file model27.cif (mmCIF, C-alpha atoms)
data_query
loop_
_atom_site.label_atom_id
_atom_site.label_comp_id
_atom_site.auth_asym_id
_atom_site.auth_seq_id
_atom_site.Cartn_x
_atom_site.Cartn_y
_atom_site.Cartn_z
CA MET A 1 82.58 26.86 73.83
CA THR A 2 83.95 29.49 71.44
CA GLY A 3 81.18 31.87 72.49
CA LEU A 4 82.37 31.61 76.08
CA ILE A 5 85.93 32.39 75.02
CA VAL A 6 84.78 35.41 73.01
CA ALA A 7 82.71 36.64 75.96
CA ALA A 8 85.71 36.25 78.28
CA LEU A 9 87.94 38.19 75.88
CA VAL A 10 85.39 40.98 75.53
CA ALA A 11 84.98 41.18 79.31
CA ALA A 12 88.77 41.30 79.79
CA GLY A 13 89.02 44.07 77.21
CA LEU A 14 86.29 46.11 78.88
CA ILE A 15 87.92 45.68 82.28
CA ALA A 16 91.29 46.77 80.88
CA ALA A 17 89.73 49.82 79.22
CA GLY A 18 87.93 50.73 82.44
CA ARG A 19 91.09 50.45 84.51
CA THR A 20 92.98 52.61 82.00
CA ALA A 21 90.25 55.23 82.04
CA ALA A 22 90.16 55.21 85.84
CA ARG A 23 93.86 56.00 86.05
CA ARG A 24 93.61 59.11 83.87
CA SER A 25 92.92 62.42 85.53
CA ALA A 26 89.51 63.78 84.69
CA ARG A 27 89.14 67.06 82.87
CA PRO A 28 86.73 69.54 84.41
CA PRO A 29 83.37 69.45 82.63
CA ALA A 30 82.74 72.16 80.06
CA ASP A 31 80.14 74.71 81.06
CA GLY A 32 79.08 76.06 77.68
CA ARG A 33 75.62 75.84 76.22
CA GLY A 34 76.76 73.44 73.50
CA SER A 35 78.28 71.00 75.96
CA ARG A 36 75.11 71.01 78.08
CA LEU A 37 73.07 70.30 74.96
CA LEU A 38 75.43 67.48 73.98
CA ARG A 39 75.22 65.92 77.46
CA ALA A 40 71.41 66.15 77.37
CA ALA A 41 71.35 64.45 73.95
CA ALA A 42 73.67 61.69 75.20
CA ARG A 43 71.47 61.12 78.25
CA LEU A 44 68.37 60.95 76.06
CA LEU A 45 70.06 58.43 73.76
CA LEU A 46 71.13 56.27 76.73
CA LEU A 47 67.61 56.46 78.17
CA ALA A 48 66.13 55.33 74.83
CA ALA A 49 68.61 52.44 74.59
CA GLY A 50 67.82 51.37 78.16
CA ALA A 51 64.07 51.55 77.51
CA PHE A 52 64.53 49.41 74.39
CA LEU A 53 66.50 46.79 76.32
CA VAL A 54 63.90 46.63 79.09
CA ALA A 55 61.00 46.38 76.61
CA ARG A 56 62.84 43.66 74.67
CA ALA A 57 63.49 41.73 77.87
CA GLY A 58 59.82 41.91 78.80
CA TYR A 59 58.84 40.62 75.38
CA ILE A 60 61.35 37.77 75.55
CA LEU A 61 60.19 36.73 79.02
CA ALA A 62 56.57 36.76 77.87
CA ALA A 63 57.05 35.09 74.47
CA GLU A 64 59.62 32.37 75.13
CA HIS A 65 58.45 29.41 77.16
CA PRO A 66 60.87 27.29 79.22
CA GLY A 67 58.89 24.18 78.36
CA ARG A 68 59.44 24.59 74.59
CA PRO A 69 63.19 24.37 73.92
CA GLU A 70 62.68 24.61 70.15
CA THR A 71 61.93 28.33 70.57
CA TYR A 72 65.36 29.15 72.00
CA ARG A 73 67.59 26.16 71.23
CA HIS A 74 69.45 27.83 68.33
CA ALA A 75 69.49 31.35 69.77
CA TRP A 76 72.45 32.94 71.53
CA GLY A 77 72.76 31.48 75.00
CA GLY A 78 70.87 28.30 74.04
CA PRO A 79 70.30 25.39 74.17
CA TYR A 80 69.49 25.91 77.87
CA TYR A 81 66.82 28.36 78.99
CA ILE A 82 68.96 29.92 81.74
CA GLY A 83 71.71 30.73 79.25
CA PHE A 84 69.19 32.17 76.80
CA ILE A 85 67.63 34.37 79.48
CA THR A 86 71.04 35.48 80.78
CA VAL A 87 72.18 36.59 77.33
CA HIS A 88 68.96 38.27 76.25
CA VAL A 89 67.64 39.70 79.53
CA GLY A 90 70.96 40.42 81.26
CA PRO A 91 71.56 43.75 79.47
CA ALA A 92 68.14 44.97 80.63
CA VAL A 93 68.95 44.06 84.22
CA LEU A 94 72.23 45.98 83.88
CA ALA A 95 70.41 48.98 82.36
CA LEU A 96 67.88 49.01 85.20
CA PHE A 97 70.65 48.78 87.79
CA LEU A 98 72.58 51.69 86.25
CA ALA A 99 69.41 53.78 85.92
CA GLY A 100 68.58 53.11 89.58
CA LEU A 101 72.12 54.00 90.62
CA SER A 102 71.95 57.24 88.64
CA LEU A 103 68.57 58.10 90.17
CA TYR A 104 69.89 57.33 93.66
CA ARG A 105 72.90 59.58 93.14
CA THR A 106 70.70 62.35 91.79
CA LEU A 107 68.24 62.18 94.68
CA THR A 108 70.87 61.98 97.40
CA GLY A 109 73.18 64.52 95.79
CA ARG A 110 76.10 62.09 95.71
CA ARG A 111 78.62 62.38 92.93
CA ARG A 112 81.92 60.72 92.26
CA PRO A 113 84.59 62.40 94.37
CA SER A 114 86.87 64.73 92.49
CA THR A 115 90.52 63.74 92.30
CA ARG A 116 91.54 67.32 91.59
CA THR A 117 92.80 69.61 94.30
CA PRO A 118 91.67 73.24 94.33
CA GLY A 119 93.90 75.34 92.12
CA GLN A 120 95.23 72.36 90.17
CA THR A 121 95.73 72.98 86.46
CA ASN A 122 96.02 70.56 83.55
CA VAL A 123 99.56 69.89 82.41
#
call {"tool": "encode", "arguments": {"input": "model27.cif", "output": "structure tokens"}}
result
Amino acid sequence: MTGLIVAALVAAGLIAAGRTAARRSARPPADGRGSRLLRAAARLLLLAAGAFLVARAGYILAAEHPGRPETYRHAWGGPYYIGFITVHVGPAVLALFLAGLSLYRTLTGRRRPSTRTPGQTNV
């Protein structure tokens, strides 16, 4: 039960941080060579993390058997198989969803709408 409380607190904290970040006005992206290199490195790191999560999820789905509870009973999300799979495969599903969303936005040319008006300066 304490794990559920911790998960609820973490989720509430992430939601609060996201709402705070959404209220702030966005700075225009930097156009220098260094900033482009930094963004490319960050994208590569996120891609590697997503690939790791997906590979790990595939291994877990192949290695853990629902008919043998002793393999996942004491793991996070256990003692039930659905909880175990949710905890260990859920991040991979989220990573695939975000990668698909990013690919969709790239292919259709859609970006988040700018909240800045032309000629607006930072104060």
call {"tool": "resolve_selection", "arguments": {"input": "model27.cif", "expression": "the PyMOL selection byres ((chain A and resi 86-98) around 12)", "output": "JSON, numbers by chain"}}
result
{"A": [3, 4, 7, 46, 47, 48, 49, 50, 51, 52, 53, 54, 55, 56, 57, 58, 59, 60, 61, 62, 64, 72, 75, 76, 77, 78, 79, 80, 81, 82, 83, 84, 85, 99, 100, 101, 102, 103, 104, 105]}
call {"tool": "atom_distance", "arguments": {"input": "model27.cif", "atom1": "atom CA of Arg39 of chain A", "atom2": "atom CA of Gly13 of chain A"}}
result
25.8 Å
call {"tool": "atom_distance", "arguments": {"input": "model27.cif", "atom1": "atom CA of Arg33 of chain A", "atom2": "atom CA of Thr108 of chain A"}}
result
25.8 Å
call {"tool": "atom_distance", "arguments": {"input": "model27.cif", "atom1": "atom CA of Arg19 of chain A", "atom2": "atom CA of Thr106 of chain A"}}
result
24.7 Å
